[in-house]
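**Q** Handing you a structure now.
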Amino acid sequence: MNTRQILDDSQGPFSRSATFNGDNSCFSVGLEDGFCIFSTNPCELKVSRSFNAGIGFVVMVGQSNYLALVGGGRRPRYPQNKLVIWDDVKQKAAITLEFPTSVLGVRLTKSRIVVALLNSIEVWTFSRQPEREYEFETADNPRGLACLGQKLLAFPGQSPGHVKVVELAKGNVSIIPAHEAPLRAMTLSPDGEVLATASEHGTLVRIFATSNCAQMAELRRGVDNAIIFSLAISPSNNLLAVTSDKSTLHVFDLPHPSKTPAPSSPGENATNKWGILGKIPLLPRVFSDVYSFASAHFEMGEDGLGPLPPLGSALARPPKGVIGWTDENTMIVVSAGKDGRWEKFVLREGEEGKRYCVREGWKRYLGDGS
């Protein structure tokens, strides 16, 4: 018996995905009948395309006219094992790549296309006749996790909780045993020197230097398990923002290789240099961990999907709490679904130098609420 709740077209548009471009100046939204592109701050519609068929997710190449499209929804535009690079000026497909299994994630630069499948990562040249540069095996990666910088690529390793870091120019591979549990989220800093990771437990975020794969810090989101939605590092590489299914946005100070002293002895964790209570003996660990300096509530909105669909399916759960930094003090958080939302958060300084995270505005980007 089919118990899935039917999506009601009369209730307005439904967004299947929300993804920022490389500099967070725009975000793109996959819809049941096409896709839209919005400017990030302010949130204004720039492009709307209707195919009368579903787009599971859409990824922009910077601010160019090229976008990566993968089918999804009730009536997918393309099979889920097909990746289409769409030329929006010519209104046609410029590149089409087919794979043996569903495409679960895509990362793009002007020179490379990275495709995440359930158990592998493929790297292709971004050219009229794409050539496959690399293929790597991974542990199960149902969320299509991968981070692509100008010089580095990071993605889940072959053991759950591990990360592979690839130097793209030479193909050198390093392995970081980041967590014991499978990875839930990961991100690279804009300069590519810092990697942040979170596992399915969602209590800790670990920070690594990509130059030597050393752990620089361990940041505590909370004590209770949570589903991490998004990790994002600020333009100056100094701050980390985290969202989770607790409907909370946390902001942390972030260590960086250029400003973090190396441990004075093997096994010393640089996190203790940050925790005020770190040197007090016999205290439970949660008292010495590094917590966020500011937090705020964000609205997840409604899914509009009823029972939980399987990961990787055409009707997979729409993403929530996706973070994009527009400057060092401003974060935009977008969520997909029936109640697709855009929210703006700003860091402010109060008395005695204490910093706060304040929501300055919100709107339903596909509706008329604001």
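Here's how to read the names in the structure tokens: chain A, B, ... by the order shown, residue numbers from 1 in each chain, ligand numbers from 1 in the order shown.
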Residues of segment 53-301 of chain A classed as strand (DSSP E or B) by DSSP on the backbone are to be reported as a PyMOL selection string.
**A** chain A and resi 54-60+66-71+76+82-87+92-98+105-108+112-116+120-125+132-137+147-148+152-156+163-167+172-176+183-188+194-199+204-209+215-220+228-233+239-244+248-253+290-291+294-297
**Q** Would you list the contacts of segment 92-109 of chain A as JSON, numbers by chain, taking every protein, DNA or RNA residue within 6 Å and counting only C-alpha atoms, but skipping same-chain residues closer than 4 positions in sequence?
**A** {"A": [61, 80, 81, 82, 83, 84, 85, 86, 87, 113, 114, 115, 116, 117, 144]}
**Q** Quick check, in Å to one decimal: how far apart do atom CA of Thr330 of chain A and atom CA of Val346 of chain A lie?
**A**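 It comes out at 4.6 Å.
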**Q** Set the distance at 8 Å and use only C-alpha atoms: which residues neighbour segment 12-28 of chain A once local chain neighbours fewer than 5 positions away are removed? I'd like the list as a PyMOL selection string.
**A** chain A and resi 35-41+55-63+72-73+317-319+322+324-326+334-340+366-367
**Q** List as a PyMOL selection string the protein and nucleic acid residues near Cys43 of chain A, meaning an atom at most 9 Å away when only C-alpha atoms are counted, but skip any in the same chain fewer than 6 places from it.
**A** chain A and resi 26+342+363+365
**Q** May I have the selected residues written with all heavy atoms, as a PDB file, in the first residue's frame?
**A**
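Just written: selection.pdb:
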ATOM      1  N   CYS A  26      24.892  33.921  -4.965  1.00  0.00           N
ATOM      2  CA  CYS A  26      23.605  33.421  -5.456  1.00  0.00           C
ATOM      3  C   CYS A  26      23.327  32.062  -4.836  1.00  0.00           C
ATOM      4  O   CYS A  26      24.239  31.364  -4.379  1.00  0.00           O
ATOM      5  CB  CYS A  26      23.613  33.261  -6.979  1.00  0.00           C
ATOM      6  SG  CYS A  26      23.938  34.761  -7.922  1.00  0.00           S
ATOM      7  N   TRP A 342      14.409  31.809   3.320  1.00  0.00           N
ATOM      8  CA  TRP A 342      15.671  32.547   3.316  1.00  0.00           C
ATOM      9  C   TRP A 342      15.719  33.343   4.610  1.00  0.00           C
ATOM     10  O   TRP A 342      14.754  34.032   4.946  1.00  0.00           O
ATOM     11  CB  TRP A 342      15.705  33.464   2.106  1.00  0.00           C
ATOM     12  CG  TRP A 342      16.797  34.505   2.061  1.00  0.00           C
ATOM     13  CD1 TRP A 342      17.972  34.416   1.386  1.00  0.00           C
ATOM     14  CD2 TRP A 342      16.786  35.809   2.655  1.00  0.00           C
ATOM     15  NE1 TRP A 342      18.713  35.584   1.528  1.00  0.00           N
ATOM     16  CE2 TRP A 342      18.001  36.450   2.315  1.00  0.00           C
ATOM     17  CE3 TRP A 342      15.876  36.496   3.466  1.00  0.00           C
ATOM     18  CZ2 TRP A 342      18.326  37.744   2.737  1.00  0.00           C
ATOM     19  CZ3 TRP A 342      16.195  37.780   3.897  1.00  0.00           C
ATOM     20  CH2 TRP A 342      17.407  38.389   3.526  1.00  0.00           C
ATOM     21  N   LYS A 363      12.306  35.596   4.543  1.00  0.00           N
ATOM     22  CA  LYS A 363      11.205  35.575   3.580  1.00  0.00           C
ATOM     23  C   LYS A 363      11.047  34.158   3.040  1.00  0.00           C
ATOM     24  O   LYS A 363      11.969  33.338   3.096  1.00  0.00           O
ATOM     25  CB  LYS A 363      11.453  36.554   2.441  1.00  0.00           C
ATOM     26  CG  LYS A 363      12.576  36.155   1.509  1.00  0.00           C
ATOM     27  CD  LYS A 363      12.865  37.230   0.462  1.00  0.00           C
ATOM     28  CE  LYS A 363      11.671  37.510  -0.431  1.00  0.00           C
ATOM     29  NZ  LYS A 363      11.986  38.504  -1.473  1.00  0.00           N
ATOM     30  N   TYR A 365      11.137  32.379  -0.129  1.00  0.00           N
ATOM     31  CA  TYR A 365      11.684  32.820  -1.410  1.00  0.00           C
ATOM     32  C   TYR A 365      10.840  32.415  -2.611  1.00  0.00           C
ATOM     33  O   TYR A 365      10.978  32.984  -3.697  1.00  0.00           O
ATOM     34  CB  TYR A 365      13.132  32.321  -1.584  1.00  0.00           C
ATOM     35  CG  TYR A 365      13.363  30.856  -1.402  1.00  0.00           C
ATOM     36  CD1 TYR A 365      13.052  29.926  -2.394  1.00  0.00           C
ATOM     37  CD2 TYR A 365      13.946  30.361  -0.225  1.00  0.00           C
ATOM     38  CE1 TYR A 365      13.283  28.575  -2.215  1.00  0.00           C
ATOM     39  CE2 TYR A 365      14.184  29.015  -0.043  1.00  0.00           C
ATOM     40  CZ  TYR A 365      13.846  28.122  -1.043  1.00  0.00           C
ATOM     41  OH  TYR A 365      14.082  26.788  -0.863  1.00  0.00           O
TER      42      TYR A 365
END
**Q** I want to know what sits within 10 Å of segment 347-357 of chain A, based on only C-alpha atoms, with residues of the same chain fewer than 3 positions away left out; could you give that as number ranges by chain?
**A** A: 249-251, 293-297, 328-331, 360
**Q** Just how far from atom CA of Ile332 of chain A is atom CA of Phe345 of chain A, in Å to one decimal?
**A** 6.3 Å
**Q** What is the distance between atom CA of Trp362 of chain A and atom CA of Ser247 of chain A, in Å to one decimal?
**A**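 These two atoms are separated by 14.8 Å.
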